[in-house]
>>> print(open('run_38.txt').read())   # compact mmCIF, C-alpha atoms and all ligand atoms
# COMPACT_ATOMS: atom_id res chain seq x y z
CA MET A 1 3.25 -107.45 209.51
CA PRO A 2 4.81 -109.18 212.49
CA ALA A 3 2.37 -110.13 215.19
CA ASN A 4 1.62 -108.01 218.26
CA LEU A 5 1.54 -104.63 216.59
CA THR A 6 -0.93 -102.40 218.38
CA PRO A 7 -3.85 -100.52 216.79
CA GLN A 8 -2.02 -97.26 217.65
CA TYR A 9 0.97 -98.46 215.67
CA SER A 10 -1.23 -99.41 212.72
CA LYS A 11 -2.74 -95.92 212.73
CA ALA A 12 0.69 -94.30 212.69
CA GLU A 13 1.64 -96.58 209.81
CA GLU A 14 -1.50 -95.54 207.94
CA ALA A 15 -0.56 -91.87 208.44
CA TYR A 16 2.93 -92.65 207.15
CA ARG A 17 1.54 -94.19 203.97
CA ARG A 18 -0.40 -90.97 203.39
CA ALA A 19 2.42 -88.56 204.26
CA GLN A 20 2.96 -86.16 201.35
CA THR A 21 6.28 -84.56 202.27
CA ALA A 22 9.54 -85.84 203.68
CA GLN A 23 8.91 -83.77 206.80
CA GLU A 24 5.57 -85.49 207.36
CA GLN A 25 7.25 -88.84 206.80
CA VAL A 26 9.88 -88.05 209.43
CA ALA A 27 7.19 -87.19 211.98
CA CYS A 28 5.25 -90.41 211.24
CA LEU A 29 8.34 -92.63 211.36
CA GLU A 30 9.39 -91.15 214.70
CA GLU A 31 5.92 -91.90 216.03
CA MET A 32 6.06 -95.47 214.67
CA LEU A 33 9.43 -96.09 216.31
CA LYS A 34 8.02 -94.84 219.58
CA LEU A 35 4.92 -97.04 219.35
CA ILE A 36 6.42 -100.25 217.99
CA PRO A 37 6.53 -103.01 220.63
CA LYS A 38 10.21 -103.60 221.41
CA HIS A 39 10.85 -107.33 221.18
CA LYS A 40 12.67 -109.90 219.09
CA GLY A 41 9.81 -110.35 216.63
CA THR A 42 9.93 -106.69 215.56
CA GLU A 43 13.72 -106.25 215.37
CA LYS A 44 13.84 -106.40 211.59
CA LEU A 45 11.00 -103.92 211.30
CA GLN A 46 12.62 -101.57 213.80
CA ALA A 47 15.83 -101.60 211.78
CA ASP A 48 13.82 -101.01 208.61
CA LEU A 49 12.06 -98.03 210.19
CA LYS A 50 15.37 -96.51 211.27
CA THR A 51 16.73 -96.79 207.72
CA ARG A 52 13.59 -95.16 206.36
CA LEU A 53 13.83 -92.41 208.97
CA LYS A 54 17.36 -91.62 207.90
CA GLU A 55 16.29 -91.56 204.25
CA ALA A 56 13.34 -89.31 205.00
CA ARG A 57 15.56 -86.88 206.95
CA ASP A 58 18.00 -86.71 204.03
CA ALA A 59 15.13 -86.22 201.59
CA GLY A 60 13.80 -83.45 203.85
CA GLU A 61 17.11 -81.61 203.55
CA GLN A 62 16.98 -82.01 199.75
CA GLU A 63 13.41 -80.73 199.66
CA LYS A 64 14.44 -77.58 201.50
CA LYS A 65 17.25 -76.92 199.02
CA ALA A 66 15.36 -77.79 195.85
CA PRO A 67 11.58 -78.08 196.09
CA LYS A 68 10.18 -80.92 193.98
CA LYS A 69 8.94 -80.08 190.52
CA GLY A 70 6.31 -81.85 188.49
CA LYS A 71 2.58 -81.91 188.70
CA SER A 72 1.01 -83.38 191.78
CA TYR A 73 -2.61 -83.62 192.75
CA ARG A 74 -3.68 -83.84 196.32
CA ILE A 75 -7.32 -84.78 196.27
CA PRO A 76 -8.69 -84.59 199.82
CA ALA A 77 -10.46 -87.83 200.67
CA GLN A 78 -14.19 -87.56 201.29
CA GLY A 79 -16.87 -90.00 202.42
CA ALA A 80 -16.23 -93.61 203.35
CA GLY A 81 -13.06 -93.79 201.28
CA GLN A 82 -11.20 -92.78 198.15
CA VAL A 83 -11.14 -95.18 195.20
CA ILE A 84 -8.95 -94.47 192.16
CA VAL A 85 -10.35 -95.68 188.83
CA LEU A 86 -7.56 -96.96 186.57
CA GLY A 87 -7.27 -98.68 183.22
CA ALA A 88 -6.17 -98.73 179.61
CA PRO A 89 -7.69 -96.32 177.07
CA ASN A 90 -11.40 -96.94 176.39
CA SER A 91 -11.69 -99.44 179.22
CA GLY A 92 -14.76 -97.63 180.61
CA LYS A 93 -13.26 -95.54 183.45
CA SER A 94 -15.12 -92.34 182.63
CA ARG A 95 -18.34 -94.21 181.89
CA LEU A 96 -18.13 -95.87 185.31
CA VAL A 97 -17.72 -92.53 187.10
CA LYS A 98 -20.48 -90.96 184.99
CA GLU A 99 -23.00 -93.73 185.70
CA LEU A 100 -22.38 -93.93 189.45
CA THR A 101 -22.00 -90.24 190.37
CA ASN A 102 -23.38 -86.85 189.37
CA ALA A 103 -20.16 -85.93 187.62
CA GLU A 104 -20.07 -85.50 183.85
CA PRO A 105 -16.68 -86.74 182.71
CA GLU A 106 -16.29 -86.84 178.96
CA VAL A 107 -17.12 -90.34 177.75
CA ALA A 108 -16.04 -91.05 174.21
CA PRO A 109 -15.08 -94.00 172.02
CA TYR A 110 -11.60 -92.62 171.38
CA PRO A 111 -8.59 -92.84 173.70
CA PHE A 112 -7.02 -90.11 175.83
CA THR A 113 -10.23 -88.16 176.35
CA THR A 114 -9.48 -87.83 180.07
CA ARG A 115 -6.38 -85.81 180.96
CA GLU A 116 -6.80 -84.68 184.54
CA PRO A 117 -8.00 -86.63 187.56
CA LEU A 118 -11.66 -85.99 188.31
CA PRO A 119 -13.09 -86.75 191.77
CA ALA A 120 -16.83 -87.40 192.20
CA MET A 121 -19.03 -88.83 194.95
CA MET A 122 -20.93 -92.12 194.60
CA ALA A 123 -23.85 -92.77 196.93
CA TRP A 124 -24.59 -96.22 198.30
CA GLU A 125 -27.48 -96.37 200.80
CA ASP A 126 -26.51 -93.75 203.41
CA ALA A 127 -22.80 -93.90 202.66
CA THR A 128 -20.77 -92.08 200.03
CA VAL A 129 -17.57 -93.17 198.31
CA GLN A 130 -15.21 -90.90 196.42
CA LEU A 131 -14.32 -92.13 192.92
CA VAL A 132 -11.49 -90.52 190.97
CA ASP A 133 -11.48 -90.78 187.16
CA THR A 134 -7.96 -90.75 185.71
CA PRO A 135 -6.15 -90.57 182.36
CA PRO A 136 -5.51 -93.87 180.54
CA ILE A 137 -2.35 -95.87 181.03
CA THR A 138 -0.34 -97.50 178.23
CA ASP A 139 3.25 -98.58 177.63
CA SER A 140 4.17 -95.11 176.43
CA HIS A 141 1.76 -92.99 178.43
CA PHE A 142 1.84 -92.80 182.19
CA GLU A 143 1.13 -89.69 184.26
CA PRO A 144 3.73 -89.79 187.07
CA TYR A 145 1.37 -88.16 189.56
CA LEU A 146 -0.78 -91.32 189.48
CA ILE A 147 1.72 -93.16 191.66
CA ASN A 148 1.37 -90.88 194.62
CA MET A 149 -2.36 -90.62 194.10
CA VAL A 150 -2.76 -94.40 194.22
CA ARG A 151 -0.38 -94.94 197.13
CA VAL A 152 -2.44 -92.77 199.45
CA ALA A 153 -5.84 -94.07 198.30
CA ASP A 154 -8.06 -96.61 200.06
CA ALA A 155 -8.67 -98.86 197.06
CA VAL A 156 -8.43 -99.13 193.29
CA ILE A 157 -10.87 -100.02 190.54
CA LEU A 158 -9.12 -101.53 187.55
CA CYS A 159 -11.28 -101.37 184.41
CA PHE A 160 -11.02 -104.17 181.84
CA ASP A 161 -12.91 -104.03 178.56
CA GLY A 162 -14.68 -107.38 178.40
CA SER A 163 -15.39 -106.97 174.68
CA SER A 164 -11.80 -106.42 173.55
CA ASP A 165 -9.22 -109.08 172.70
CA ASP A 166 -6.58 -106.50 173.59
CA ALA A 167 -7.85 -106.10 177.16
CA PRO A 168 -5.64 -108.81 178.77
CA ASP A 169 -2.42 -107.35 177.33
CA GLU A 170 -3.45 -103.76 177.90
CA THR A 171 -4.48 -104.41 181.49
CA ALA A 172 -1.26 -106.31 182.19
CA VAL A 173 0.59 -103.16 181.09
CA VAL A 174 -1.32 -101.13 183.68
CA LEU A 175 -0.24 -103.57 186.41
CA GLN A 176 3.37 -103.39 185.20
CA GLN A 177 3.41 -99.59 185.16
CA PHE A 178 2.58 -99.68 188.86
CA SER A 179 4.60 -102.70 189.96
CA SER A 180 7.74 -101.25 188.39
CA ARG A 181 7.20 -98.29 190.73
CA LYS A 182 6.81 -100.37 193.87
CA THR A 183 3.03 -100.15 193.87
CA MET A 184 1.17 -103.44 193.69
CA LEU A 185 -2.49 -103.75 192.82
CA ALA A 186 -3.42 -106.49 195.27
CA ASP A 187 -6.03 -108.01 197.58
CA ALA A 188 -5.44 -105.70 200.56
CA THR A 189 -4.24 -102.17 201.25
CA GLY A 190 -1.07 -101.41 203.22
CA PHE A 191 2.67 -101.89 203.27
CA ASP A 192 4.15 -105.10 201.91
CA GLU A 193 5.08 -107.41 204.79
CA GLU A 194 8.58 -108.06 203.52
CA ASP A 195 9.51 -104.67 202.11
CA MET A 196 8.26 -101.37 203.44
CA SER A 197 9.11 -99.55 200.23
CA ILE A 198 6.31 -101.47 198.50
CA ILE A 199 2.69 -100.40 198.94
CA ARG A 200 -0.21 -102.69 198.11
CA LEU A 201 -3.66 -101.46 197.16
CA ARG A 202 -6.84 -103.42 197.42
CA THR A 203 -8.18 -103.72 193.88
CA LEU A 204 -11.52 -104.55 192.32
CA LEU A 205 -11.29 -105.70 188.69
CA VAL A 206 -14.34 -104.27 186.90
CA VAL A 207 -15.04 -105.97 183.59
CA THR A 208 -16.97 -103.44 181.49
CA ARG A 209 -19.19 -104.58 178.63
CA GLY A 210 -19.26 -107.61 180.88
CA SER A 211 -22.20 -109.23 179.10
CA ASP A 212 -20.07 -109.70 175.99
CA LEU A 213 -20.02 -113.41 175.21
CA GLY A 214 -16.21 -113.53 175.22
CA ALA A 215 -15.73 -111.54 178.43
CA LYS A 216 -15.21 -114.52 180.77
CA ASP A 217 -12.66 -116.12 178.45
CA ARG A 218 -10.74 -112.86 178.18
CA VAL A 219 -10.57 -112.57 181.96
CA GLU A 220 -9.42 -116.22 182.20
CA PHE A 221 -6.74 -115.50 179.63
CA PHE A 222 -5.64 -112.46 181.65
CA ARG A 223 -5.52 -114.60 184.79
CA GLU A 224 -3.22 -117.08 183.06
CA MET A 225 -0.88 -114.28 181.98
CA THR A 226 -0.54 -112.68 185.36
CA PRO A 227 -1.60 -113.51 188.89
CA ILE A 228 -4.65 -111.42 189.80
CA PRO A 229 -5.51 -111.82 193.46
CA PHE A 230 -8.44 -109.42 193.08
CA GLU A 231 -12.15 -109.73 193.20
CA VAL A 232 -13.70 -109.61 189.75
CA VAL A 233 -17.07 -108.07 188.90
CA TYR A 234 -18.76 -107.99 185.51
CA VAL A 235 -20.86 -104.97 184.56
CA GLU A 236 -22.84 -103.79 181.54
CA PHE A 237 -23.42 -100.07 181.95
CA ASP A 238 -26.36 -100.09 179.53
CA ASP A 239 -28.19 -102.33 182.04
CA PRO A 240 -29.43 -100.36 185.08
CA ALA A 241 -29.59 -103.43 187.39
CA SER A 242 -26.03 -104.37 186.54
CA ARG A 243 -24.60 -100.92 187.22
CA GLU A 244 -26.58 -100.51 190.45
CA ALA A 245 -25.17 -103.81 191.73
CA LEU A 246 -21.70 -102.40 191.16
CA ARG A 247 -22.23 -99.71 193.82
CA ARG A 248 -22.37 -102.23 196.60
CA ARG A 249 -19.29 -104.08 195.34
CA ILE A 250 -17.33 -100.84 195.31
CA TYR A 251 -18.49 -99.91 198.81
CA ASP A 252 -17.64 -103.42 200.06
CA SER A 253 -14.15 -103.17 198.62
CA LEU A 254 -13.40 -100.47 201.20
CA GLY A 255 -13.83 -102.89 204.11
CA VAL A 256 -15.62 -100.37 206.32
CA ILE A 257 -18.76 -100.41 208.47
CA ARG A 258 -21.25 -97.67 209.37
CA ILE A 259 -21.73 -96.66 212.98
CA TYR A 260 -24.42 -94.20 214.16
CA THR A 261 -23.98 -92.24 217.36
CA LYS A 262 -26.48 -90.71 219.75
CA ARG A 263 -26.16 -88.48 222.79
CA PRO A 264 -27.33 -89.85 226.16
CA GLY A 265 -31.04 -89.09 226.68
CA LYS A 266 -31.55 -88.06 223.05
CA PRO A 267 -33.49 -90.07 220.47
CA ALA A 268 -31.60 -92.18 217.97
CA GLU A 269 -31.10 -90.81 214.49
CA TYR A 270 -29.92 -93.27 211.90
CA LYS A 271 -28.13 -90.77 209.69
CA ASP A 272 -24.64 -89.46 208.93
CA PRO A 273 -22.83 -92.58 210.07
CA PHE A 274 -19.19 -92.61 211.08
CA MET A 275 -17.15 -95.03 209.01
CA ILE A 276 -14.70 -97.34 210.76
CA PRO A 277 -12.76 -100.37 209.50
CA LYS A 278 -14.41 -103.79 209.67
CA GLY A 279 -13.42 -105.26 213.03
CA GLY A 280 -13.26 -101.73 214.49
CA THR A 281 -14.08 -100.94 218.12
CA ILE A 282 -15.76 -98.36 220.34
CA GLU A 283 -12.39 -96.64 220.59
CA ASP A 284 -12.27 -96.21 216.80
CA VAL A 285 -15.66 -94.48 216.88
CA ALA A 286 -14.60 -92.28 219.81
CA SER A 287 -11.52 -91.11 217.91
CA LYS A 288 -13.70 -90.13 214.95
CA VAL A 289 -16.17 -88.18 217.08
CA HIS A 290 -13.55 -86.18 218.95
CA ARG A 291 -9.85 -86.77 219.53
CA ASP A 292 -10.14 -86.06 223.29
CA LEU A 293 -12.87 -88.67 223.66
CA VAL A 294 -10.35 -91.49 223.26
CA ASP A 295 -8.82 -90.51 226.61
CA THR A 296 -11.93 -89.46 228.49
CA LEU A 297 -14.16 -92.35 227.36
CA LYS A 298 -15.47 -94.49 230.26
CA PHE A 299 -17.89 -96.87 228.61
CA ALA A 300 -20.46 -97.05 225.81
CA LYS A 301 -23.93 -98.41 225.21
CA VAL A 302 -24.65 -100.28 222.02
CA TRP A 303 -27.80 -101.11 220.08
CA GLY A 304 -27.47 -103.41 217.08
CA THR A 305 -26.19 -106.80 216.10
CA SER A 306 -22.91 -106.72 218.05
CA ALA A 307 -24.62 -106.49 221.48
CA HIS A 308 -27.93 -106.84 223.34
CA ASP A 309 -29.89 -103.62 222.94
CA GLY A 310 -28.54 -100.97 225.28
CA GLN A 311 -25.76 -103.20 226.58
CA SER A 312 -22.85 -101.42 228.28
CA VAL A 313 -19.50 -102.25 226.73
CA GLY A 314 -15.86 -101.22 227.03
CA ARG A 315 -13.62 -99.46 224.55
CA ASP A 316 -12.40 -102.72 222.97
CA HIS A 317 -15.87 -103.92 222.06
CA VAL A 318 -15.95 -104.91 218.37
CA LEU A 319 -18.83 -103.29 216.48
CA ALA A 320 -20.97 -104.44 213.57
CA ASP A 321 -22.32 -102.55 210.54
CA ARG A 322 -25.18 -100.19 211.46
CA ASP A 323 -24.70 -100.40 215.22
CA LEU A 324 -25.89 -97.39 217.24
CA VAL A 325 -23.49 -96.20 219.91
CA GLU A 326 -23.85 -93.88 222.91
CA LEU A 327 -20.46 -92.76 224.22
CA HIS A 328 -20.07 -91.92 227.93
CA SER A 329 -17.08 -89.96 229.18
N1 LIG A 401 -22.33 -100.78 176.01
C1 LIG A 401 -21.33 -100.44 176.85
N2 LIG A 401 -20.44 -99.49 176.50
C2 LIG A 401 -19.46 -99.19 177.37
C3 LIG A 401 -19.35 -99.86 178.63
N3 LIG A 401 -18.27 -99.35 179.26
C4 LIG A 401 -17.75 -98.40 178.45
N4 LIG A 401 -18.47 -98.30 177.30
C5 LIG A 401 -18.21 -97.38 176.15
O1 LIG A 401 -16.85 -97.42 175.80
C6 LIG A 401 -16.38 -96.15 175.33
C7 LIG A 401 -15.14 -95.73 176.14
O2 LIG A 401 -15.53 -95.51 177.49
P1 LIG A 401 -14.84 -94.43 178.41
O3 LIG A 401 -15.50 -94.49 179.73
O4 LIG A 401 -14.79 -93.08 177.76
O5 LIG A 401 -13.37 -95.02 178.48
P2 LIG A 401 -12.10 -94.48 179.29
O6 LIG A 401 -11.12 -94.09 178.23
O7 LIG A 401 -11.60 -95.66 180.07
O8 LIG A 401 -12.53 -93.35 180.16
C8 LIG A 401 -17.56 -95.22 175.52
O9 LIG A 401 -18.21 -95.07 174.27
C9 LIG A 401 -18.43 -95.92 176.53
O10 LIG A 401 -19.80 -95.57 176.43
C10 LIG A 401 -20.32 -100.88 178.96
O11 LIG A 401 -20.32 -101.51 180.05
N5 LIG A 401 -21.28 -101.12 178.03
MG MG A 402 -11.84 -91.39 180.22
>>> encode(input="run_38.txt", output="structure tokens")
Amino acid sequence: MPANLTPQYSKAEEAYRRAQTAQEQVACLEEMLKLIPKHKGTEKLQADLKTRLKEARDAGEQEKKAPKKGKSYRIPAQGAGQVIVLGAPNSGKSRLVKELTNAEPEVAPYPFTTREPLPAMMAWEDATVQLVDTPPITDSHFEPYLINMVRVADAVILCFDGSSDDAPDETAVVLQQFSSRKTMLADATGFDEEDMSIIRLRTLLVVTRGSDLGAKDRVEFFREMTPIPFEVVYVEFDDPASREALRRRIYDSLGVIRIYTKRPGKPAEYKDPFMIPKGGTIEDVASKVHRDLVDTLKFAKVWGTSAHDGQSVGRDHVLADRDLVELHS
């Protein structure tokens, strides 16, 4: 992203990434063009947006004439974020979802057990994260709906069977299936800086059967085959401590913090936090509480690590995880 883009612009861009129809895309692109700072440094991006707007308008006309066919799943995001669990057959996707949530996906030592995406909620402390189990990916088997599902998600878990010599090749195939469709499993989520048709998804590589003696070598081999800018975490699902540690890593991969709110004069209740991005501000919290609050907000009081207890701060104050905020309008 070129410098000097405003938070408002970034939000519009986020909405654009999640737009499901050409009509929604048109609305988001118009908003982005309105919000983008008009200077030399953004000229290329402005031109890019105009091209995309024209394409989206054309696609909108096509959609009206011939509605798109093919299966699509729109799984409404819930909790702190939506994480899509991907991988080759038998890489441990369903086992991961089963161990960390209350869902009961079929877990079996033969491939292609999972056919449909299955969302389930994972708890971590007082936050929840939505995990989505998916069908396996191979050279010859790829459910087209996965592309859209991944492109609107917050993050990806890529499962890698640490006990299998085939895991490096099989996992490279998963990466290729996405990269050939302009979707890169990467270190951060958002549009590619150079090319707005490419979307990048923050990815956590989860090495299942991670206590296998050859697991580290297999991951190293994979790393030599293909650049993997992801975080890597080893897990053995038969070991309760190992699988519990995975919860935190998954939550952390979302890059969010928890903010509690209280009403003036009312006691603090540290429950049902609002989730905002790391580096987020008072204004981000206000927009989550009520859309009108962003305009009417005068100041806030903060208790926690980002301020002295009860300190009055402005809307640009940067918050820390588990801060308590009192909004005054
Ligand atoms: N011991 C052990 N078995 C695992 C682990 N991860 C997956 N498995 C087993 O591997 C098989 C395939 O797992 P599954 O989750 O169904 O694979 P999927 O095809 O990716 O959904 C099942 O028998 C799982 O119990 C692990 O960390 N440790
Ligand atoms: Mg499965």
>>> atom_distance(input="run_38.txt", atom1="CA of Ala286 (chain A)", atom2="CA of Arg315 (chain A)")
8.7 Å
>>> closest_residue(input="run_38.txt", among="A:Ser72, A:Thr42, A:Thr138, A:Ser179", to="ligand LIG 401 (chain A)", atoms="all atoms listed in the file")
A:Thr138
>>> residues_near_ligand(input="run_38.txt", ligand="ligand MG 402 (chain A)", cutoff="10 Å", atoms="all atoms listed in the file", output="PyMOL selection string")
chain A and resi 85-98+105-118+133-136
>>> atom_distance(input="run_38.txt", atom1="atom O3 of ligand LIG 401 (chain A)", atom2="CA of Val132 (chain A)")
12.6 Å
>>> residues_near_point(input="run_38.txt", point="(9.5, -105.4, 217.9)", cutoff="12 Å", atoms="all atoms listed in the file", output="number ranges by chain")
A: 1-6, 9, 32-49
>>> closest_residue(input="run_38.txt", among="A:Ser163, A:Gln25, A:Met275, A:Lys54", to="Gln78 (chain A)", atoms="all atoms listed in the file")
A:Met275
>>> residues_around(input="run_38.txt", residues="region 208-222 of chain A", least_positions_apart="4", cutoff="9 Å", atoms="only C-alpha atoms", output="PDB file with C-alpha atoms, in the coordinates of the input")
ATOM      1  CA  SER A  91     -11.690 -99.440 179.220  1.00  0.00           C
ATOM      2  CA  GLY A  92     -14.760 -97.630 180.610  1.00  0.00           C
ATOM      3  CA  LYS A  93     -13.260 -95.540 183.450  1.00  0.00           C
ATOM      4  CA  LEU A  96     -18.130 -95.870 185.310  1.00  0.00           C
ATOM      5  CA  CYS A 159     -11.280-101.370 184.410  1.00  0.00           C
ATOM      6  CA  PHE A 160     -11.020-104.170 181.840  1.00  0.00           C
ATOM      7  CA  ASP A 161     -12.910-104.030 178.560  1.00  0.00           C
ATOM      8  CA  GLY A 162     -14.680-107.380 178.400  1.00  0.00           C
ATOM      9  CA  SER A 163     -15.390-106.970 174.680  1.00  0.00           C
ATOM     10  CA  SER A 164     -11.800-106.420 173.550  1.00  0.00           C
ATOM     11  CA  ASP A 165      -9.220-109.080 172.700  1.00  0.00           C
ATOM     12  CA  ASP A 166      -6.580-106.500 173.590  1.00  0.00           C
ATOM     13  CA  ALA A 167      -7.850-106.100 177.160  1.00  0.00           C
ATOM     14  CA  PRO A 168      -5.640-108.810 178.770  1.00  0.00           C
ATOM     15  CA  ASP A 169      -2.420-107.350 177.330  1.00  0.00           C
ATOM     16  CA  THR A 171      -4.480-104.410 181.490  1.00  0.00           C
ATOM     17  CA  ALA A 172      -1.260-106.310 182.190  1.00  0.00           C
ATOM     18  CA  THR A 226      -0.540-112.680 185.360  1.00  0.00           C
ATOM     19  CA  PRO A 227      -1.600-113.510 188.890  1.00  0.00           C
ATOM     20  CA  ILE A 228      -4.650-111.420 189.800  1.00  0.00           C
ATOM     21  CA  VAL A 232     -13.700-109.610 189.750  1.00  0.00           C
ATOM     22  CA  VAL A 233     -17.070-108.070 188.900  1.00  0.00           C
ATOM     23  CA  TYR A 234     -18.760-107.990 185.510  1.00  0.00           C
ATOM     24  CA  VAL A 235     -20.860-104.970 184.560  1.00  0.00           C
ATOM     25  CA  GLU A 236     -22.840-103.790 181.540  1.00  0.00           C
ATOM     26  CA  PHE A 237     -23.420-100.070 181.950  1.00  0.00           C
ATOM     27  CA  ASP A 238     -26.360-100.090 179.530  1.00  0.00           C
TER      28      ASP A 238
END
>>> closest_residue(input="run_38.txt", among="A:Glu14, A:Asp239, A:Asp154, A:Glu231", to="ligand LIG 401 (chain A)", atoms="all atoms listed in the file")
A:Asp239
>>> atom_distance(input="run_38.txt", atom1="CA of Glu24 (chain A)", atom2="CA of Ile137 (chain A)")
29.4 Å
>>> residues_near_point(input="run_38.txt", point="(-2.5, -88.0, 211.1)", cutoff="12 Å", atoms="all atoms listed in the file", output="PyMOL selection string")
chain A and resi 8-20+24-25+27-29+31-32+287+291
>>> closest_residue(input="run_38.txt", among="A:Glu170, A:Glu283, A:Glu63, A:Glu55", to="ligand LIG 401 (chain A)", atoms="all atoms listed in the file")
A:Glu170
>>> decode(input="run_38.txt", residues="region 182-195 of chain A", atoms="N, CA and C atoms", output="mmCIF file, in the first residue's frame")
data_model
loop_
_atom_site.group_PDB
_atom_site.id
_atom_site.type_symbol
_atom_site.label_atom_id
_atom_site.label_comp_id
_atom_site.auth_asym_id
_atom_site.auth_seq_id
_atom_site.Cartn_x
_atom_site.Cartn_y
_atom_site.Cartn_z
ATOM 1 N N LYS A 182 -4.858 -16.544 -7.985
ATOM 2 C CA LYS A 182 -4.593 -15.199 -7.456
ATOM 3 C C LYS A 182 -4.871 -15.053 -5.970
ATOM 4 N N THR A 183 -4.632 -16.132 -5.244
ATOM 5 C CA THR A 183 -4.847 -16.128 -3.803
ATOM 6 C C THR A 183 -3.584 -16.692 -3.162
ATOM 7 N N MET A 184 -2.878 -15.858 -2.407
ATOM 8 C CA MET A 184 -1.590 -16.270 -1.882
ATOM 9 C C MET A 184 -1.684 -16.521 -0.386
ATOM 10 N N LEU A 185 -1.289 -17.695 0.053
ATOM 11 C CA LEU A 185 -1.194 -17.934 1.490
ATOM 12 C C LEU A 185 0.115 -17.269 1.923
ATOM 13 N N ALA A 186 0.024 -16.336 2.862
ATOM 14 C CA ALA A 186 1.134 -15.411 3.094
ATOM 15 C C ALA A 186 1.264 -15.047 4.572
ATOM 16 N N ASP A 187 1.998 -13.978 4.844
ATOM 17 C CA ASP A 187 2.249 -13.592 6.237
ATOM 18 C C ASP A 187 1.255 -12.545 6.735
ATOM 19 N N ALA A 188 0.480 -11.941 5.839
ATOM 20 C CA ALA A 188 -0.474 -10.928 6.257
ATOM 21 C C ALA A 188 -1.686 -10.973 5.343
ATOM 22 N N THR A 189 -2.811 -10.453 5.842
ATOM 23 C CA THR A 189 -4.057 -10.481 5.084
ATOM 24 C C THR A 189 -4.316 -9.145 4.412
ATOM 25 N N GLY A 190 -4.700 -9.169 3.131
ATOM 26 C CA GLY A 190 -5.065 -7.941 2.433
ATOM 27 C C GLY A 190 -4.701 -8.033 0.965
ATOM 28 N N PHE A 191 -4.899 -6.932 0.249
ATOM 29 C CA PHE A 191 -4.560 -6.938 -1.164
ATOM 30 C C PHE A 191 -3.049 -6.888 -1.345
ATOM 31 N N ASP A 192 -2.570 -7.517 -2.411
ATOM 32 C CA ASP A 192 -1.163 -7.427 -2.770
ATOM 33 C C ASP A 192 -0.833 -5.979 -3.122
ATOM 34 N N GLU A 193 0.337 -5.514 -2.663
ATOM 35 C CA GLU A 193 0.698 -4.106 -2.884
ATOM 36 C C GLU A 193 0.816 -3.747 -4.353
ATOM 37 N N GLU A 194 1.294 -4.687 -5.155
ATOM 38 C CA GLU A 194 1.569 -4.400 -6.551
ATOM 39 C C GLU A 194 0.365 -4.648 -7.450
ATOM 40 N N ASP A 195 -0.503 -5.566 -7.039
ATOM 41 C CA ASP A 195 -1.551 -6.019 -7.946
ATOM 42 C C ASP A 195 -2.832 -6.276 -7.153
#
